[in-house]
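Working notes, structure below.
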Amino acid sequence: MVMPWQDPTLPAHARAADLLARMSTEEKTAQLSSVWLGSDTEGAEVAPGQHAYADRSAALDALLPHGVGQLTRPFGTVPVAPAEGAARLAEVQRTIRTGNRFALPAIAHEECLTGFTAWQATVFPTPLAWGATFDPELIAEMAQAIGTSMRAVGIHQGLAPVLDVVRDPRWGRTEETIGEDPYLVGTVGSAYVRGLEAAGIVATLKHFAGYSASRAARNHAPASLGPRELADVILPPFEMAIRDGGARSVMPAYNDIDGLPAHAHAGLLTQILREQWEFTGTVVSDYYGVSLLEEAHRVADGESRAARLALAAGVDVELPAARCFDPADPLPEDLLDRAALRVLTQKCELGLLDPDVGPVADGAPVDLNPPHMRELAQKVAEESVVLLANESGVLPLSDGRRIALLGPLADEQAAMLGCYTFPRHVGVHHPELPTGVGVPTLAEALRTELPDAVFVDDPAKAEADVCLAVVGDRSGLFGRGSSGEGCDAEDLQLPYAQAELLDEAMSCGLPVVIVVLSGRPYALGRWADRAAAVVQAFFPGQEGGGAVAGVLSGRVNPSGRLPVGVPRSPGGQPAPYLAPPLGRHGFPSTVDPTPLYPFGHGVSYTTFSWGQPQCDDLEFTTDGETAVRLTVHNTGDRPGTEVVQLYLHDPVGTVARPEVRLVGYARVPLDAGASAEVHATFPADLAAYTGADGRRVVEPGALELRIAASSERVHHAVPLTLTGPVREVGHERRMRCETRVK
């Protein structure tokens, strides 16, 4: 007899409720638990407190009679060949199903920030590079390909994307973010979510919220956030990814906000997330985030109290292993039922309550790095490279030249890979193992790109035409790199004595091209007036060497734009983008925070002209919209892509407002001599902000829509006037400026 919870014709919520009613307290609690197989106290940690907690977490055998909620990182804990990993996962799921009376499998989750974090899987560019593309549709395509590869081997949930908005790039996890503007983070992040969810993978938004706003950019440090900064800068990308992207899971942050840890913050996890935004998915803890309520935040006097605080706030699942959510320690029944129902509903949506659910593995070969994935990785990498300066015209480089290639990162794979790529996250602890995918260094890629060029490593001893000085980061975790989780910086000076390397390069008498391969922006003002050209790439992945080499040779016309400004000096942070007038350079302070290259900046090997904009209505109501059009013309001799950016300037507000903020953008690819018309629909809702009384409102009055090539390079300013009453807006407000190119 088929029970109602097994009937696929019934709604997921009804099936989950029927199953919940049949469960014991221990079985319900087990659905909130997780198991991390293969995690031990040996080797380097990949999660904070991993070694300390490994021996104090419930083992699989202890949980089997009651069931298991989640399986942690079956591919991303130790290297395993794809087919073998799929077979192992299928076997573990069989064990879990046969161990509990309802034959329920676990949800298997994995990291997927730069592709599926598995050995031999395609390594895509880091999220800061996604932001540099200004190309949400490409990122959605990438995410769907990643999700499809994960689903094929039995993974159900991906712990991505990171939607933290950069507030201080000294933070080590800057590389994992999409940028410093909430609109860019929200649109690109939502696209990633759409792609992942389209492949059947549950996307997990992290880190909710305020993680990137920690004091002094220190990992896990408290976030000193006011309610308006939280509402208008930090939260909108999450709201957009839930409403427009369809994300089905959220992960709280490690930090506290004004003393309230996110894992125990009912205001965030229940009032905002569920009551205001009507989120119906699951909230999964960050790794050991519930335990840290006791051992780091000290708001709980034991594991049991920590579990109750988290559960009451809105955490549904404890990751990565069961420690505080203990089946032997009964939790409040109403809170337990609330969380278990959410988990079971999601399992039902994933098909895990169906009678015929079974293992995915069938013994067939598994290719996690097929040609179409590599091509996608290449395209994302190529679109993400930013040409910051080329006034001298030294780029592109022609073949047959003598090139001095300097810097240890010129011939290191590490220069291409972020901290959540498998080779840097796990592979570094297994040096006996090959990387698993091809990752050409920049030096190798240049020799392929320019086969007739002669490369030398000492411009003082060999005649050369030009010098390429390659600098940047090596990613790592918890101090094992210059960028990455737990690798925060005291300032924005280049690490590893690379400033001295650039000083030496500048004294060689050659035109010097600075190539930065990094996880964060670094101060380059010391060399700006001496460098012949500057190129920036943010950990561009396995195909990044070829992408950067292609830009240097001219095979690729650069179209990337900065998702975060490049500072002039190592101090003066945080940067002034999104700051009100007194946060920018001015007479009250001797410190000038003006960036060397601002948010949105990037140049091309071709030239563009922008026609005069046409606007349907210069005056419209606080619940209306207007449309703007302008023509962009490629006036150069080669194909190229311009990125038209729309910024909003609000001259007068009831609270201090950012001087400018991004509200729309469009990539405009054009052949030499070609033109295209950009259309943008600007709704008044995009002028909304949180006022002194905590309400988000659209106010009547003057605005200025700036049509620009960067946040500081404005081509046209369109004066607008909003009329009518002050209008309060909520979760249903319009959050996008829709653009199209004709």
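Naming scheme: A, B, ... for chains in displayed order of the structure tokens; residues 1 onward per chain; ligands 1 onward as shown.
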Every residue of segment 170-414 of chain A that DSSP places in alpha helix (DSSP H), as JSON, numbers by chain: {"A": [182, 183, 184, 185, 186, 187, 188, 189, 190, 191, 192, 193, 194, 195, 196, 197, 198, 227, 228, 229, 236, 237, 238, 239, 240, 241, 242, 243, 266, 289, 290, 291, 292, 293, 294, 295, 303, 304, 305, 306, 307, 308, 309, 310, 311, 312, 313, 333, 334, 335, 336, 337, 338, 339, 340, 341, 342, 343, 344, 345, 346, 347, 348, 349, 371, 372, 373, 374, 375, 376, 377, 378, 379, 380, 381, 382, 383, 384]}
Closest atom pairs, residues of segment 543-606 of chain A within 12 Å of segment 458-477 of chain A, only C-alpha atoms, as CSV:
residue,atom,partner,partner_atom,distance
A:Gly545,CA,A:Val470,CA,11.8
A:Val548,CA,A:Val470,CA,11.1
A:Ala549,CA,A:Leu468,CA,11.1
A:Leu552,CA,A:Leu468,CA,9.7
Residues from the last selection, all heavy atoms, saved as a compact mmCIF listing (two decimals), in the first residue's frame:
# COMPACT_ATOMS: atom_id res chain seq x y z
N GLY A 545 44.83 31.22 -17.85
CA GLY A 545 46.10 31.54 -18.48
C GLY A 545 45.93 31.90 -19.94
O GLY A 545 46.47 32.90 -20.43
N VAL A 548 44.10 35.40 -20.26
CA VAL A 548 44.97 36.57 -20.05
C VAL A 548 45.96 36.70 -21.21
O VAL A 548 46.20 37.80 -21.71
CB VAL A 548 45.69 36.46 -18.70
CG1 VAL A 548 46.68 37.62 -18.53
CG2 VAL A 548 44.69 36.45 -17.55
N ALA A 549 46.53 35.57 -21.64
CA ALA A 549 47.44 35.60 -22.78
C ALA A 549 46.73 36.12 -24.03
O ALA A 549 47.31 36.89 -24.82
CB ALA A 549 48.01 34.21 -23.04
N LEU A 552 46.54 39.84 -23.79
CA LEU A 552 47.84 40.46 -24.02
C LEU A 552 48.22 40.44 -25.50
O LEU A 552 48.86 41.36 -26.00
CB LEU A 552 48.90 39.74 -23.18
CG LEU A 552 48.78 39.90 -21.67
CD1 LEU A 552 49.76 38.98 -20.95
CD2 LEU A 552 49.02 41.35 -21.25
Counting only C-alpha atoms, the residue of A:Ala14, A:Ala62, A:Ala30, A:Leu722 that sits nearest Pro105 of chain A: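 Between A:Ala14, A:Ala62, A:Ala30, A:Leu722, the residue approaching Pro105 of chain A most closely is A:Ala30.
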Which residues of segment 241-268 of chain A sit at most 12 Å from segment 164-187 of chain A, using only C-alpha atoms? Give each one's shortest atom pair and distance in Å (one decimal place), in chain and ascending residue order, as a tab-separated table.
residue	atom	partner	partner_atom	distance
A:Ala241	CA	A:Gly186	CA	6.5
A:Ile242	CA	A:Gly186	CA	10.0
A:Arg243	CA	A:Gly186	CA	10.8
A:Asp244	CA	A:Thr187	CA	9.0
A:Gly245	CA	A:Thr187	CA	9.0
A:Met251	CA	A:Asp164	CA	11.6
A:Pro252	CA	A:Asp164	CA	11.3
A:Ala253	CA	A:Asp164	CA	9.7
Nearest residue to Gln493 of chain A from the set A:Ala523, A:Ala674, A:Leu517, A:Ile96 (distances using only C-alpha atoms): A:Ala523
Strand (DSSP E) per DSSP on the backbone: members of segment 51-150 of chain A, as a PyMOL selection string: chain A and resi 70-72+107-110
Next, write the just-selected residues to a file, as an mmCIF file, in the first residue's frame, keeping all heavy atoms as the atom set.
data_model
loop_
_atom_site.group_PDB
_atom_site.id
_atom_site.type_symbol
_atom_site.label_atom_id
_atom_site.label_comp_id
_atom_site.auth_asym_id
_atom_site.auth_seq_id
_atom_site.Cartn_x
_atom_site.Cartn_y
_atom_site.Cartn_z
ATOM 1 N N GLN A 70 21.490 15.193 6.046
ATOM 2 C CA GLN A 70 22.411 15.637 5.001
ATOM 3 C C GLN A 70 23.708 14.837 5.034
ATOM 4 O O GLN A 70 24.181 14.435 6.098
ATOM 5 C CB GLN A 70 22.752 17.126 5.186
ATOM 6 C CG GLN A 70 21.607 18.077 4.897
ATOM 7 C CD GLN A 70 21.884 18.986 3.712
ATOM 8 O OE1 GLN A 70 22.921 18.927 3.076
ATOM 9 N NE2 GLN A 70 20.913 19.841 3.402
ATOM 10 N N LEU A 71 24.286 14.645 3.846
ATOM 11 C CA LEU A 71 25.638 14.114 3.692
ATOM 12 C C LEU A 71 26.539 15.260 3.250
ATOM 13 O O LEU A 71 26.242 15.952 2.269
ATOM 14 C CB LEU A 71 25.683 13.011 2.634
ATOM 15 C CG LEU A 71 25.271 11.608 3.065
ATOM 16 C CD1 LEU A 71 25.210 10.694 1.843
ATOM 17 C CD2 LEU A 71 26.252 11.050 4.088
ATOM 18 N N THR A 72 27.637 15.451 3.967
ATOM 19 C CA THR A 72 28.538 16.568 3.716
ATOM 20 C C THR A 72 29.680 16.184 2.790
ATOM 21 O O THR A 72 30.428 15.246 3.060
ATOM 22 C CB THR A 72 29.106 17.080 5.057
ATOM 23 O OG1 THR A 72 28.043 17.661 5.811
ATOM 24 C CG2 THR A 72 30.200 18.120 4.843
ATOM 25 N N ILE A 107 20.060 14.249 1.819
ATOM 26 C CA ILE A 107 20.434 15.263 0.830
ATOM 27 C C ILE A 107 21.949 15.350 0.844
ATOM 28 O O ILE A 107 22.562 15.557 1.892
ATOM 29 C CB ILE A 107 19.813 16.630 1.169
ATOM 30 C CG1 ILE A 107 18.299 16.596 1.004
ATOM 31 C CG2 ILE A 107 20.419 17.731 0.303
ATOM 32 C CD1 ILE A 107 17.589 17.869 1.433
ATOM 33 N N ALA A 108 22.568 15.175 -0.312
ATOM 34 C CA ALA A 108 24.023 15.290 -0.427
ATOM 35 C C ALA A 108 24.370 16.684 -0.930
ATOM 36 O O ALA A 108 23.853 17.116 -1.963
ATOM 37 C CB ALA A 108 24.572 14.235 -1.382
ATOM 38 N N HIS A 109 25.213 17.375 -0.172
ATOM 39 C CA HIS A 109 25.590 18.733 -0.598
ATOM 40 C C HIS A 109 27.077 18.823 -0.895
ATOM 41 O O HIS A 109 27.878 18.030 -0.405
ATOM 42 C CB HIS A 109 25.184 19.777 0.456
ATOM 43 C CG HIS A 109 26.059 19.808 1.673
ATOM 44 N ND1 HIS A 109 25.693 19.240 2.876
ATOM 45 C CD2 HIS A 109 27.292 20.337 1.882
ATOM 46 C CE1 HIS A 109 26.645 19.422 3.761
ATOM 47 N NE2 HIS A 109 27.633 20.087 3.185
ATOM 48 N N GLU A 110 27.410 19.810 -1.710
ATOM 49 C CA GLU A 110 28.800 20.059 -2.090
ATOM 50 C C GLU A 110 29.028 21.554 -2.285
ATOM 51 O O GLU A 110 28.093 22.317 -2.504
ATOM 52 C CB GLU A 110 29.161 19.327 -3.396
ATOM 53 C CG GLU A 110 29.811 17.985 -3.219
ATOM 54 C CD GLU A 110 31.144 18.029 -2.482
ATOM 55 O OE1 GLU A 110 31.676 19.144 -2.242
ATOM 56 O OE2 GLU A 110 31.659 16.957 -2.137
#
Which of A:Asn390, A:Glu137, A:Thr626, A:Asp685 sits closest to Glu732 of chain A [using only C-alpha atoms]: A:Asp685
Using only C-alpha atoms, find each residue of segment 375-446 of chain A with at least one atom at most 12 Å away from an atom of segment 628-652 of chain A; report its shortest atom-to-atom pair and that distance in Å (one decimal), sort the rows by chain and rising residue number, and return the result as a tab-separated table.
residue	atom	partner	partner_atom	distance
A:Glu382	CA	A:Thr641	CA	12.0
A:Glu383	CA	A:Thr641	CA	9.5
A:Val386	CA	A:Val643	CA	12.0
Selection from above, N, CA, C and O atoms, as a PDB file, in the first residue's frame, can you write it?
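out_17.pdb, written as the output of this step:
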ATOM      1  N   GLU A 382      37.650  34.872 -20.337  1.00  0.00           N
ATOM      2  CA  GLU A 382      37.977  35.913 -21.307  1.00  0.00           C
ATOM      3  C   GLU A 382      37.160  37.176 -21.073  1.00  0.00           C
ATOM      4  O   GLU A 382      37.688  38.287 -21.174  1.00  0.00           O
ATOM      5  N   GLU A 383      35.878  37.019 -20.748  1.00  0.00           N
ATOM      6  CA  GLU A 383      35.045  38.198 -20.512  1.00  0.00           C
ATOM      7  C   GLU A 383      35.395  38.901 -19.207  1.00  0.00           C
ATOM      8  O   GLU A 383      35.032  40.063 -19.012  1.00  0.00           O
ATOM      9  N   VAL A 386      40.189  42.424 -17.146  1.00  0.00           N
ATOM     10  CA  VAL A 386      39.989  43.878 -17.217  1.00  0.00           C
ATOM     11  C   VAL A 386      41.293  44.552 -17.635  1.00  0.00           C
ATOM     12  O   VAL A 386      42.330  44.387 -16.982  1.00  0.00           O
TER      13      VAL A 386
END
Segment 595-602 of chain A: which residues within 6 Å, counting only C-alpha atoms, same-chain residues fewer than 3 positions away excluded, as an mmCIF file with all heavy atoms, in the first residue's frame?
data_model
loop_
_atom_site.group_PDB
_atom_site.id
_atom_site.type_symbol
_atom_site.label_atom_id
_atom_site.label_comp_id
_atom_site.auth_asym_id
_atom_site.auth_seq_id
_atom_site.Cartn_x
_atom_site.Cartn_y
_atom_site.Cartn_z
ATOM 1 N N VAL A 386 40.189 42.424 -17.146
ATOM 2 C CA VAL A 386 39.989 43.878 -17.217
ATOM 3 C C VAL A 386 41.293 44.552 -17.635
ATOM 4 O O VAL A 386 42.330 44.387 -16.982
ATOM 5 C CB VAL A 386 39.539 44.448 -15.856
ATOM 6 C CG1 VAL A 386 39.189 45.933 -15.990
ATOM 7 C CG2 VAL A 386 38.352 43.670 -15.303
ATOM 8 N N LEU A 387 41.232 45.286 -18.725
ATOM 9 C CA LEU A 387 42.352 46.139 -19.125
ATOM 10 C C LEU A 387 42.169 47.476 -18.411
ATOM 11 O O LEU A 387 41.249 48.235 -18.711
ATOM 12 C CB LEU A 387 42.370 46.322 -20.640
ATOM 13 C CG LEU A 387 43.481 47.208 -21.213
ATOM 14 C CD1 LEU A 387 44.862 46.669 -20.865
ATOM 15 C CD2 LEU A 387 43.320 47.358 -22.723
ATOM 16 N N LEU A 388 43.049 47.744 -17.441
ATOM 17 C CA LEU A 388 42.894 48.945 -16.617
ATOM 18 C C LEU A 388 43.512 50.175 -17.269
ATOM 19 O O LEU A 388 43.001 51.290 -17.120
ATOM 20 C CB LEU A 388 43.531 48.716 -15.242
ATOM 21 C CG LEU A 388 42.902 47.620 -14.379
ATOM 22 C CD1 LEU A 388 43.662 47.482 -13.075
ATOM 23 C CD2 LEU A 388 41.436 47.931 -14.103
ATOM 24 N N ARG A 561 34.985 44.614 -16.664
ATOM 25 C CA ARG A 561 34.878 45.875 -15.926
ATOM 26 C C ARG A 561 35.054 45.576 -14.435
ATOM 27 O O ARG A 561 34.662 44.516 -13.951
ATOM 28 C CB ARG A 561 33.516 46.535 -16.162
ATOM 29 C CG ARG A 561 33.239 46.895 -17.629
ATOM 30 C CD ARG A 561 34.186 47.948 -18.158
ATOM 31 N NE ARG A 561 33.886 48.377 -19.529
ATOM 32 C CZ ARG A 561 34.453 47.889 -20.614
ATOM 33 N NH1 ARG A 561 35.366 46.905 -20.499
ATOM 34 N NH2 ARG A 561 34.152 48.344 -21.809
ATOM 35 N N LEU A 562 35.642 46.509 -13.722
ATOM 36 C CA LEU A 562 35.969 46.265 -12.318
ATOM 37 C C LEU A 562 34.712 46.089 -11.468
ATOM 38 O O LEU A 562 33.870 47.000 -11.406
ATOM 39 C CB LEU A 562 36.791 47.417 -11.753
ATOM 40 C CG LEU A 562 38.260 47.472 -12.158
ATOM 41 C CD1 LEU A 562 38.911 48.735 -11.582
ATOM 42 C CD2 LEU A 562 39.010 46.228 -11.688
ATOM 43 N N PRO A 563 34.585 44.949 -10.764
ATOM 44 C CA PRO A 563 33.486 44.775 -9.826
ATOM 45 C C PRO A 563 33.794 45.382 -8.462
ATOM 46 O O PRO A 563 32.952 45.421 -7.578
ATOM 47 C CB PRO A 563 33.368 43.252 -9.722
ATOM 48 C CG PRO A 563 34.770 42.771 -9.927
ATOM 49 C CD PRO A 563 35.406 43.735 -10.896
ATOM 50 N N VAL A 564 35.024 45.841 -8.298
ATOM 51 C CA VAL A 564 35.474 46.502 -7.070
ATOM 52 C C VAL A 564 36.624 47.419 -7.466
ATOM 53 O O VAL A 564 37.445 47.070 -8.312
ATOM 54 C CB VAL A 564 35.910 45.461 -6.008
ATOM 55 C CG1 VAL A 564 37.027 44.575 -6.506
ATOM 56 C CG2 VAL A 564 36.304 46.121 -4.699
ATOM 57 N N GLY A 565 36.663 48.629 -6.901
ATOM 58 C CA GLY A 565 37.677 49.589 -7.300
ATOM 59 C C GLY A 565 39.082 49.162 -6.910
ATOM 60 O O GLY A 565 39.287 48.428 -5.943
ATOM 61 N N VAL A 566 40.062 49.628 -7.688
ATOM 62 C CA VAL A 566 41.478 49.380 -7.395
ATOM 63 C C VAL A 566 42.019 50.610 -6.685
ATOM 64 O O VAL A 566 41.981 51.721 -7.234
ATOM 65 C CB VAL A 566 42.270 49.105 -8.683
ATOM 66 C CG1 VAL A 566 43.774 49.070 -8.403
ATOM 67 C CG2 VAL A 566 41.814 47.803 -9.313
ATOM 68 N N PRO A 567 42.535 50.453 -5.463
ATOM 69 C CA PRO A 567 42.966 51.629 -4.697
ATOM 70 C C PRO A 567 44.270 52.223 -5.203
ATOM 71 O O PRO A 567 45.079 51.551 -5.845
ATOM 72 C CB PRO A 567 43.137 51.069 -3.279
ATOM 73 C CG PRO A 567 43.421 49.624 -3.476
ATOM 74 C CD PRO A 567 42.652 49.205 -4.697
ATOM 75 N N ARG A 568 44.464 53.489 -4.873
ATOM 76 C CA ARG A 568 45.711 54.160 -5.224
ATOM 77 C C ARG A 568 46.798 53.834 -4.199
ATOM 78 O O ARG A 568 47.938 53.554 -4.541
ATOM 79 C CB ARG A 568 45.486 55.670 -5.298
ATOM 80 C CG ARG A 568 46.700 56.469 -5.727
ATOM 81 C CD ARG A 568 46.338 57.948 -5.893
ATOM 82 N NE ARG A 568 45.350 58.144 -6.936
ATOM 83 C CZ ARG A 568 45.630 58.252 -8.232
ATOM 84 N NH1 ARG A 568 46.884 58.157 -8.655
ATOM 85 N NH2 ARG A 568 44.664 58.452 -9.112
ATOM 86 N N SER A 710 31.839 54.033 -16.302
ATOM 87 C CA SER A 710 32.249 53.565 -14.975
ATOM 88 C C SER A 710 31.533 54.442 -13.960
ATOM 89 O O SER A 710 30.831 55.399 -14.342
ATOM 90 C CB SER A 710 33.769 53.657 -14.786
ATOM 91 O OG SER A 710 34.173 54.986 -14.520
ATOM 92 N N SER A 711 31.731 54.162 -12.688
ATOM 93 C CA SER A 711 31.064 54.971 -11.672
ATOM 94 C C SER A 711 31.556 56.415 -11.667
ATOM 95 O O SER A 711 30.890 57.297 -11.127
ATOM 96 C CB SER A 711 31.268 54.348 -10.287
ATOM 97 O OG SER A 711 32.650 54.202 -9.994
#
